[in-house]
Structures are given as C-alpha cells and as structure tokens.
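File shown: my_file-v8.cif (mmCIF, C-alpha atoms).
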data_query
loop_
_atom_site.label_atom_id
_atom_site.label_comp_id
_atom_site.auth_asym_id
_atom_site.auth_seq_id
_atom_site.Cartn_x
_atom_site.Cartn_y
_atom_site.Cartn_z
CA MET A 1 -17.46 -16.44 -33.29
CA ILE A 2 -18.05 -16.78 -29.56
CA LYS A 3 -18.53 -13.37 -27.99
CA GLN A 4 -16.72 -12.56 -24.78
CA ARG A 5 -19.16 -12.03 -21.91
CA VAL A 6 -19.58 -9.02 -19.68
CA LEU A 7 -21.18 -8.79 -16.23
CA ILE A 8 -22.51 -5.32 -15.35
CA VAL A 9 -22.55 -4.37 -11.65
CA ASP A 10 -24.22 -1.02 -10.97
CA ASP A 11 -26.99 0.12 -8.62
CA ALA A 12 -28.43 2.61 -11.14
CA ILE A 13 -30.83 1.03 -13.62
CA PHE A 14 -30.14 3.82 -16.09
CA MET A 15 -26.43 3.02 -16.04
CA ARG A 16 -26.99 -0.73 -16.37
CA GLN A 17 -29.21 -0.09 -19.37
CA LYS A 18 -26.74 2.31 -20.96
CA LEU A 19 -23.82 -0.08 -20.55
CA ASN A 20 -25.98 -2.95 -21.79
CA ASP A 21 -26.88 -1.04 -24.97
CA ILE A 22 -23.28 -0.05 -25.61
CA ILE A 23 -21.81 -3.50 -24.98
CA ASN A 24 -24.45 -5.49 -26.87
CA SER A 25 -23.89 -3.35 -29.96
CA THR A 26 -20.28 -4.54 -30.13
CA HIS A 27 -18.34 -7.78 -30.38
CA TYR A 28 -19.09 -8.38 -26.67
CA GLU A 29 -22.31 -9.54 -25.03
CA VAL A 30 -23.79 -8.84 -21.63
CA CYS A 31 -24.28 -12.06 -19.68
CA GLY A 32 -25.79 -10.65 -16.51
CA PHE A 33 -26.45 -7.80 -14.11
CA ALA A 34 -26.02 -7.10 -10.42
CA GLU A 35 -27.24 -4.17 -8.35
CA ASN A 36 -24.60 -4.17 -5.60
CA GLY A 37 -21.31 -5.75 -4.63
CA ILE A 38 -22.83 -8.79 -2.93
CA GLU A 39 -24.93 -9.65 -5.97
CA GLY A 40 -21.90 -8.94 -8.15
CA ILE A 41 -19.83 -11.58 -6.37
CA GLU A 42 -22.66 -14.11 -6.59
CA GLN A 43 -23.18 -13.44 -10.28
CA TYR A 44 -19.44 -13.60 -10.97
CA LYS A 45 -19.22 -17.08 -9.42
CA LYS A 46 -22.35 -18.25 -11.25
CA LEU A 47 -21.76 -16.73 -14.69
CA LYS A 48 -17.94 -16.73 -14.89
CA PRO A 49 -17.84 -13.65 -17.19
CA ASP A 50 -14.74 -12.66 -19.14
CA ILE A 51 -14.92 -9.14 -17.67
CA VAL A 52 -16.91 -7.18 -15.09
CA THR A 53 -17.85 -3.50 -15.23
CA MET A 54 -18.00 -2.42 -11.59
CA ASP A 55 -19.56 0.75 -10.19
CA ILE A 56 -17.76 2.08 -7.10
CA ILE A 57 -20.43 3.58 -4.86
CA MET A 58 -23.23 1.07 -4.29
CA PRO A 59 -25.47 0.06 -1.37
CA GLU A 60 -24.94 -3.17 0.63
CA MET A 61 -21.36 -3.62 -0.60
CA ASP A 62 -19.34 -1.10 -2.59
CA GLY A 63 -17.34 -1.85 -5.71
CA ILE A 64 -13.96 -1.87 -3.99
CA ASP A 65 -14.93 -4.55 -1.48
CA ALA A 66 -16.50 -6.51 -4.30
CA VAL A 67 -13.24 -6.34 -6.28
CA LYS A 68 -11.30 -7.64 -3.27
CA LYS A 69 -13.66 -10.57 -2.84
CA ILE A 70 -13.81 -11.43 -6.54
CA ILE A 71 -10.00 -11.32 -6.81
CA ALA A 72 -9.75 -13.52 -3.69
CA HIS A 73 -12.02 -16.00 -5.48
CA ASP A 74 -10.32 -15.67 -8.90
CA LYS A 75 -6.98 -13.90 -9.01
CA ASN A 76 -7.23 -13.65 -12.82
CA ALA A 77 -10.57 -11.82 -12.75
CA LYS A 78 -10.72 -8.85 -15.10
CA ILE A 79 -12.60 -5.94 -13.58
CA LEU A 80 -13.13 -2.51 -15.12
CA MET A 81 -14.17 0.17 -12.63
CA VAL A 82 -16.87 2.67 -13.57
CA SER A 83 -16.06 5.83 -11.66
CA ALA A 84 -17.31 9.40 -11.46
CA MET A 85 -15.28 12.58 -11.57
CA GLY A 86 -13.59 13.21 -8.25
CA GLN A 87 -13.27 9.51 -7.36
CA GLN A 88 -9.58 9.21 -8.23
CA GLN A 89 -8.57 8.07 -4.75
CA LEU A 90 -11.20 5.34 -4.88
CA VAL A 91 -10.00 4.32 -8.33
CA VAL A 92 -6.48 3.89 -6.95
CA GLU A 93 -7.88 1.77 -4.09
CA ALA A 94 -9.68 -0.39 -6.62
CA ILE A 95 -6.53 -0.83 -8.71
CA GLN A 96 -4.58 -1.72 -5.58
CA ALA A 97 -7.29 -4.30 -4.90
CA GLY A 98 -6.84 -5.82 -8.35
CA ALA A 99 -9.03 -3.89 -10.80
CA LYS A 100 -7.42 -3.61 -14.23
CA ASP A 101 -8.58 -0.18 -15.41
CA PHE A 102 -11.37 2.36 -15.09
CA ILE A 103 -13.69 4.57 -17.10
CA VAL A 104 -15.13 7.87 -15.96
CA LYS A 105 -18.81 8.84 -16.12
CA PRO A 106 -20.19 10.43 -18.21
CA PHE A 107 -18.58 8.28 -20.88
CA GLU A 108 -18.90 7.93 -24.63
CA PRO A 109 -19.51 4.44 -26.07
CA PRO A 110 -16.12 4.21 -27.83
CA SER A 111 -14.28 4.80 -24.55
CA VAL A 112 -16.15 1.91 -22.91
CA VAL A 113 -15.35 -0.46 -25.77
CA ALA A 114 -11.71 0.70 -25.91
CA ALA A 115 -11.29 0.08 -22.18
CA ILE A 116 -12.80 -3.41 -22.41
CA ASP A 117 -10.63 -4.16 -25.46
CA LYS A 118 -7.55 -3.08 -23.56
CA VAL A 119 -8.31 -5.13 -20.44
CA LEU A 120 -9.17 -8.24 -22.44
CA GLY A 121 -6.39 -7.66 -24.98
CA MET B 122 21.12 -3.77 -10.97
CA GLY B 123 22.87 -1.36 -13.30
CA PRO B 124 23.96 2.23 -12.80
CA THR B 125 21.61 4.46 -10.82
CA ILE B 126 20.11 7.59 -12.35
CA THR B 127 18.91 10.05 -9.72
CA VAL B 128 15.88 12.18 -10.47
CA GLY B 129 15.84 15.43 -8.51
CA ILE B 130 12.86 17.47 -7.42
CA ALA B 131 11.04 18.91 -10.45
CA GLN B 132 13.11 16.76 -12.80
CA LEU B 133 12.37 13.85 -15.10
CA LYS B 134 14.73 11.31 -16.59
CA THR B 135 14.63 8.14 -18.64
CA GLY B 136 16.62 4.95 -18.35
CA LYS B 137 16.97 1.66 -20.16
CA THR B 138 17.80 -1.79 -18.80
CA PRO B 139 19.87 -2.33 -16.63
CA ASN B 140 19.68 1.25 -15.30
CA VAL B 141 17.92 2.07 -12.05
CA LEU B 142 15.91 5.27 -11.70
CA THR B 143 15.39 6.73 -8.25
CA THR B 144 13.96 9.81 -6.61
CA ALA B 145 13.99 10.71 -2.91
CA ALA B 146 12.01 12.91 -0.56
CA LEU B 147 8.58 12.50 -2.09
CA GLY B 148 6.29 14.21 0.39
CA SER B 149 3.24 15.79 -1.16
CA CYS B 150 5.10 15.55 -4.48
CA VAL B 151 4.20 12.62 -6.70
CA GLY B 152 6.64 10.21 -8.30
CA LEU B 153 5.45 9.29 -11.77
CA VAL B 154 6.80 6.20 -13.47
CA LEU B 155 6.17 5.06 -17.03
CA TYR B 156 7.58 1.70 -18.09
CA ASP B 157 7.67 -0.31 -21.30
CA PRO B 158 8.09 -4.01 -20.46
CA ALA B 159 8.93 -4.82 -24.10
CA SER B 160 11.98 -2.59 -24.44
CA LYS B 161 12.62 -2.46 -20.66
CA THR B 162 12.76 1.30 -20.82
CA GLY B 163 11.36 3.59 -18.16
CA ALA B 164 10.90 7.22 -17.23
CA MET B 165 10.53 8.80 -13.82
CA ALA B 166 9.42 12.28 -12.78
CA HIS B 167 9.29 14.02 -9.41
CA ALA B 168 6.42 16.48 -9.85
CA MET B 169 5.51 19.08 -7.26
CA LEU B 170 2.17 20.53 -8.35
CA PRO B 171 -0.85 19.20 -10.23
CA SER B 172 -1.05 21.31 -13.33
CA ALA B 173 1.09 23.54 -15.50
CA SER B 174 -1.81 25.97 -15.31
CA PHE B 175 -0.38 26.77 -11.85
CA ALA B 176 2.68 28.32 -13.50
CA ALA B 177 2.95 32.08 -13.36
CA LYS B 178 1.71 33.65 -16.56
CA GLY B 179 4.44 34.67 -18.95
CA LEU B 180 7.03 32.41 -17.42
CA ARG B 181 8.30 29.40 -19.27
CA ALA B 182 7.33 26.53 -17.01
CA ASN B 183 9.55 23.57 -16.25
CA PRO B 184 7.32 20.71 -17.46
CA ALA B 185 8.73 18.27 -14.90
CA LYS B 186 7.46 20.43 -12.05
CA PHE B 187 3.80 19.73 -12.86
CA VAL B 188 2.05 16.36 -13.02
CA ASP B 189 0.16 16.93 -16.25
CA SER B 190 3.04 18.38 -18.24
CA ALA B 191 5.54 15.91 -16.76
CA VAL B 192 3.60 12.93 -18.11
CA VAL B 193 3.44 14.50 -21.57
CA GLU B 194 7.15 15.30 -21.49
CA MET B 195 7.98 11.76 -20.37
CA LEU B 196 6.01 10.43 -23.33
CA LYS B 197 7.97 12.67 -25.68
CA GLU B 198 11.31 11.56 -24.28
CA LEU B 199 10.35 7.89 -24.39
CA ALA B 200 9.04 8.26 -27.95
CA ALA B 201 12.38 9.78 -28.94
CA GLN B 202 13.96 6.53 -27.73
CA GLY B 203 11.63 4.47 -29.87
CA VAL B 204 9.22 3.46 -27.11
CA ARG B 205 5.64 2.92 -28.27
CA GLN B 206 3.03 4.61 -26.11
CA LYS B 207 0.69 1.63 -26.32
CA ASN B 208 3.27 -0.53 -24.53
CA LEU B 209 3.47 1.72 -21.50
CA VAL B 210 2.13 1.10 -18.02
CA ALA B 211 2.23 3.60 -15.17
CA LYS B 212 2.92 3.49 -11.45
CA ILE B 213 2.64 6.38 -9.01
CA ALA B 214 3.82 7.00 -5.45
CA GLY B 215 3.79 9.89 -3.02
CA GLY B 216 1.10 12.50 -2.66
CA ALA B 217 1.25 12.37 1.12
CA ASN B 218 -0.48 14.82 3.42
CA MET B 219 2.65 16.02 5.21
CA PHE B 220 0.84 18.52 7.42
CA PRO B 221 -2.39 16.80 8.41
CA ASP B 222 -3.08 19.21 11.24
CA LEU B 223 -3.11 22.07 8.76
CA ASN B 224 -4.77 20.26 5.89
CA ARG B 225 -7.99 18.96 7.32
CA GLY B 226 -9.89 20.24 4.31
CA GLN B 227 -9.17 19.65 0.64
CA VAL B 228 -7.94 23.10 -0.30
CA LEU B 229 -4.37 22.76 0.90
CA HIS B 230 -4.06 19.04 0.41
CA ILE B 231 -1.66 19.31 -2.49
CA GLY B 232 -0.66 15.66 -2.21
CA ARG B 233 -4.17 14.46 -2.97
CA ARG B 234 -4.52 17.00 -5.76
CA ASN B 235 -1.27 15.75 -7.24
CA THR B 236 -2.34 12.12 -7.25
CA ASP B 237 -5.84 12.98 -8.49
CA GLN B 238 -4.24 14.83 -11.39
CA ALA B 239 -1.92 11.90 -12.09
CA VAL B 240 -4.82 9.46 -12.28
CA MET B 241 -6.77 11.69 -14.66
CA THR B 242 -3.85 12.63 -16.88
CA LEU B 243 -2.87 8.99 -17.32
CA LYS B 244 -6.49 8.13 -18.12
CA GLU B 245 -6.72 10.92 -20.71
CA LEU B 246 -3.56 9.64 -22.37
CA GLY B 247 -4.70 6.02 -22.27
CA ILE B 248 -1.85 4.77 -20.11
CA PRO B 249 -2.99 2.10 -17.64
CA LEU B 250 -2.21 2.79 -14.01
CA VAL B 251 -1.15 -0.63 -12.70
CA ALA B 252 0.14 0.16 -9.22
CA ALA B 253 0.17 2.94 -6.66
CA ASP B 254 1.35 3.71 -3.16
CA ILE B 255 -0.09 7.10 -2.30
CA GLY B 256 -1.43 9.29 0.46
CA LYS B 257 -0.86 8.77 4.20
CA THR B 258 1.38 11.18 6.08
CA TYR B 259 4.95 10.11 5.43
CA GLY B 260 7.65 10.72 2.85
CA ARG B 261 8.83 8.14 0.35
CA THR B 262 11.83 7.27 -1.79
CA ILE B 263 11.14 5.24 -4.92
CA THR B 264 13.40 3.14 -7.13
CA LEU B 265 12.54 1.66 -10.53
CA ASP B 266 14.47 -1.39 -11.68
CA THR B 267 14.25 -1.22 -15.47
CA VAL B 268 15.21 -4.89 -15.74
CA THR B 269 12.02 -6.01 -14.01
CA GLY B 270 9.77 -2.94 -14.04
CA LEU B 271 9.32 -3.27 -10.29
CA LEU B 272 9.07 -0.11 -8.23
CA THR B 273 10.43 -0.21 -4.69
CA VAL B 274 8.95 2.23 -2.17
CA LYS B 275 10.94 3.03 0.97
CA SER B 276 10.14 5.23 3.95
CA HIS B 277 11.74 5.74 7.32
CA TRP B 278 8.73 4.59 9.28
CA HIS B 279 7.31 1.74 7.24
CA ASP B 280 8.50 -1.50 5.71
CA GLU B 281 9.86 -1.38 2.20
CA LYS B 282 7.38 -2.50 -0.40
CA THR B 283 7.54 -3.41 -4.07
CA ILE B 284 4.70 -2.56 -6.39
#

What would you get if you wrote out this structure as structure tokens?
Amino acid sequence: MIKQRVLIVDDAIFMRQKLNDIINSTHYEVCGFAENGIEGIEQYKKLKPDIVTMDIIMPEMDGIDAVKKIIAHDKNAKILMVSAMGQQQLVVEAIQAGAKDFIVKPFEPPSVVAAIDKVLG
Amino acid sequence: MGPTITVGIAQLKTGKTPNVLTTAALGSCVGLVLYDPASKTGAMAHAMLPSASFAAKGLRANPAKFVDSAVVEMLKELAAQGVRQKNLVAKIAGGANMFPDLNRGQVLHIGRRNTDQAVMTLKELGIPLVAADIGKTYGRTITLDTVTGLLTVKSHWHDEKTI
C-alpha cells in the first residue's frame, strides 16, 4: 500500500520531530520538512505532498502567507494548520486563505491523525 | 429559494431544503451555521455571549444566547432530524467590534471573544469550520440557502458576499 505523504512546516525542531514521530507511526509518511513559509512553498512544489502541516507563527514568512501562496499554486492543496491556544483569529484567516482544518498545541497523537484523516478523507 | 425562517437574537432554528434561514443585526453577536450537504439540512443561531458560564448562577440559561451551548443545542436539534454529526460543516459570521474607540484592549471586545469561542467549540466537537466572515466594525445580516449550503453576508456599508 502506498502511504500518503506529509510535509511538515514548522520553525521549532522539537515540533517537527514530534509530528514526524507521530505521523511515521501511522499509515502516513513524512516526505519532507521546512522551517518557514518560504521553504514550505519550495518544498511543496518540489515534493508534491498529499497534505501539509503548517505552523502559523514562523520567521521569514508566516503560515498564513504560505497557505495563500501554496493555494495560488495549487488550489486543491490540503493544508492543516498547527495553532496554539489564543490563535483563533489567525486560524480563521488561514481557513479563509484556503486551509482545510487546524489542530491546537499541545496536541495528543490521535488528534493529529484524526485531523489528517478528515482532511484527506 | 423556499420559505424564509427568521432567527431572532438569542434564538436558534433549523431548516431543511428549500428553506432559507436568516438572522439580522449581528454586531458583536456571532451567527453560527451548521449544514449537512447530504440531507441539505441546516441550523442557525444568533448567539450573544461566548459561554454559558456567563449565565447568572441559579438561572436556567437560554442555550441559544451563548456560543458554546448554542452549538451543542444545534447538534441536538439536527440529530433529532436524523442529521449525522460527521456530515456537518460550520460557517460563522459577525463578532464585530462595534465600539472600537471603547474597546482598544481585549477585555471588552466581546465580538472577538465570541468568535474565538466559536472556533474552539467547533474544534472540540470535531465540526470543520469551512468559512467565516468575522471581525471589523460593522453589523451583518446572514442568510443560509439550504439548497446550496451557501451563506450570504450583507451589510449596509460593504458589498454582499457569499461564503
């Protein structure tokens, strides 16, 4: 069975590692990483993942601008925002920009998998 | 479009295709919409405050008045009509800052608190938020066409939009 591929975009190495461990222990596989929105766009074009997990607050380019640019490149892109408590207004901006759903840090592994399942379902 | 069902302030109602659900005068209040594309059934609430925990102790609260309890009540009413929760998507509108000169801080910005609560309550219940038109400083009237699931947002000062 071919696993669906996930691109992780997050500036925090701890969070990239945590998401990597969660996702690779499931029926999905991580195909790449990016540390900011600019790298995220480049990696999206290069790797063509099935879904992206996108942090919101990042240096260079934030997650919302990255969503806008990825959706402009591929209107069918599936992007799951990774937000923190208190970022509801930013989550709404991301959804208006084309993100499909969001998870809230700190998260439990099942909630990450359930959110990816739902977006890809 | 079919017959129009009007949702008053601190009310919630459901409607099935071809009904139209509408609520007017959303200022800092938030209009909550749940919609099942499969059965073409929807629910709309006009909630005033974020949480039922705001209700005075000892009083029986009207669930439609509060964002968190309104969403739960909408789910109950839709379930009673045979709608499956997993089919539902959500849209929200409103939550304006109607008195920006007074509300420069967060404390009195009830509109933002309402929409923040809506986002979190929907997340906790696993209902995807697919569209929103929130914030700014003007009032809104919203209309849900249960045939299409499209939500029209009107205001006196801005062009009509469909989300």

Using only C-alpha atoms, the shortest atom-to-atom distance to chain A among B:Thr262, B:Gln132, B:Gln238, B:Thr127 belongs to B:Gln238

Could you check which of A:Val82, A:Val67, A:Ala94, A:Leu7 is closest to A:Asn20, using all atoms listed in the file?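 Checking each candidate against A:Asn20, we get A:Leu7 as the closest.
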
Which residues, written as an NGL selection string, have at least one atom at most 10 Å from B:Ser149, with all atoms listed in the file counted and residues fewer than 2 positions away on the same chain left out? :B and (146-147 or 151-152 or 168-170 or 214-220 or 230-236 or 255-261)

Write out as a PyMOL selection string every residue belonging to chain A that has an atom at most 7 Å from any atom of chain B, counting all atoms listed in the file. chain A and resi 88-89+92+95-96+101

For atom CA of A:Lys105 and atom CA of A:Ser83, the interatomic separation in Å (one decimal):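 Interatomic distance, atom CA of A:Lys105 to atom CA of A:Ser83: 6.0 Å.
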
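The interatomic distance for the pair atom CA of B:Tyr156 and atom CA of B:Ala211 works out to 6.4 Å.
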
For the structure shown, which residues end up in the PyMOL selection byres ((chain A and resi 6) around 8)? Put them as a short mmCIF file (atom, residue, chain, number, x, y, z; two decimals) with C-alpha atoms, keeping the file's coordinate frame, please?
data_model
loop_
_atom_site.label_atom_id
_atom_site.label_comp_id
_atom_site.auth_asym_id
_atom_site.auth_seq_id
_atom_site.Cartn_x
_atom_site.Cartn_y
_atom_site.Cartn_z
CA GLN A 4 -16.72 -12.56 -24.78
CA ARG A 5 -19.16 -12.03 -21.91
CA LEU A 7 -21.18 -8.79 -16.23
CA ILE A 8 -22.51 -5.32 -15.35
CA ILE A 23 -21.81 -3.50 -24.98
CA TYR A 28 -19.09 -8.38 -26.67
CA GLU A 29 -22.31 -9.54 -25.03
CA VAL A 30 -23.79 -8.84 -21.63
CA CYS A 31 -24.28 -12.06 -19.68
CA GLY A 32 -25.79 -10.65 -16.51
CA PRO A 49 -17.84 -13.65 -17.19
CA ASP A 50 -14.74 -12.66 -19.14
CA ILE A 51 -14.92 -9.14 -17.67
CA VAL A 52 -16.91 -7.18 -15.09
CA THR A 53 -17.85 -3.50 -15.23
#

Record the distance separating atom CA of A:Leu120 and atom CA of A:Phe102, expressed in Å with one decimal. 13.1 Å

Can you tell me which residues surround A:Gln43 at a distance of at most 7 Å, considering all atoms listed in the file, apart from same-chain residues fewer than 4 positions away, and format the answer as a PDB file with C-alpha atoms, in the coordinates of the input?
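part.pdb, written as the output of this step:
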ATOM      1  CA  ALA A  34     -26.020  -7.100 -10.420  1.00  0.00           C
ATOM      2  CA  GLU A  39     -24.930  -9.650  -5.970  1.00  0.00           C
ATOM      3  CA  LEU A  47     -21.760 -16.730 -14.690  1.00  0.00           C
TER       4      LEU A  47
END

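Applied to the file shown here, the PyMOL selection byres ((chain B and resi 275) around 10) selects Ala145, Gly260, Arg261, Thr262, Ile263, Thr264, Leu272, Thr273, Val274, Ser276, His277, Trp278, His279, Asp280, Glu281, Lys282 and Thr283 of chain B.
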
Distance criterion (all atoms listed in the file): nearest to B:Pro158 out of B:Lys137, B:Glu245, B:Glu198, B:Ala182: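 Nearest candidate to B:Pro158 out of B:Lys137, B:Glu245, B:Glu198, B:Ala182: B:Lys137.
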
Check what the PyMOL selection byres ((chain A and resi 11-19) around 8) selects in the file above and give those residues as a PDB file with C-alpha atoms, in the coordinates of the input.
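Saved to result19.pdb:
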ATOM      1  CA  ILE A   8     -22.510  -5.320 -15.350  1.00  0.00           C
ATOM      2  CA  VAL A   9     -22.550  -4.370 -11.650  1.00  0.00           C
ATOM      3  CA  ASP A  10     -24.220  -1.020 -10.970  1.00  0.00           C
ATOM      4  CA  ASN A  20     -25.980  -2.950 -21.790  1.00  0.00           C
ATOM      5  CA  ASP A  21     -26.880  -1.040 -24.970  1.00  0.00           C
ATOM      6  CA  ILE A  22     -23.280  -0.050 -25.610  1.00  0.00           C
ATOM      7  CA  ILE A  23     -21.810  -3.500 -24.980  1.00  0.00           C
ATOM      8  CA  PHE A  33     -26.450  -7.800 -14.110  1.00  0.00           C
ATOM      9  CA  ALA A  34     -26.020  -7.100 -10.420  1.00  0.00           C
ATOM     10  CA  GLU A  35     -27.240  -4.170  -8.350  1.00  0.00           C
ATOM     11  CA  ASN A  36     -24.600  -4.170  -5.600  1.00  0.00           C
ATOM     12  CA  ASP A  55     -19.560   0.750 -10.190  1.00  0.00           C
ATOM     13  CA  MET A  58     -23.230   1.070  -4.290  1.00  0.00           C
ATOM     14  CA  PRO A  59     -25.470   0.060  -1.370  1.00  0.00           C
TER      15      PRO A  59
END

For A:Lys100, please output as a ChimeraX atom specification all residues within 7 Å (counting all atoms listed in the file; exclusion window: fewer than 6 positions along the same chain). /A:78-80,119

Nearest to A:Lys75, chosen from A:Ala99, A:Ile56, A:Ala115, A:Ile2, with all atoms listed in the file counted in the distances: A:Ala99

Nearest residue to B:Ala164 out of B:Ser190, B:Thr242, B:Thr267, B:Thr125, using only C-alpha atoms?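 For B:Ala164, the nearest of the given residues is B:Thr267.
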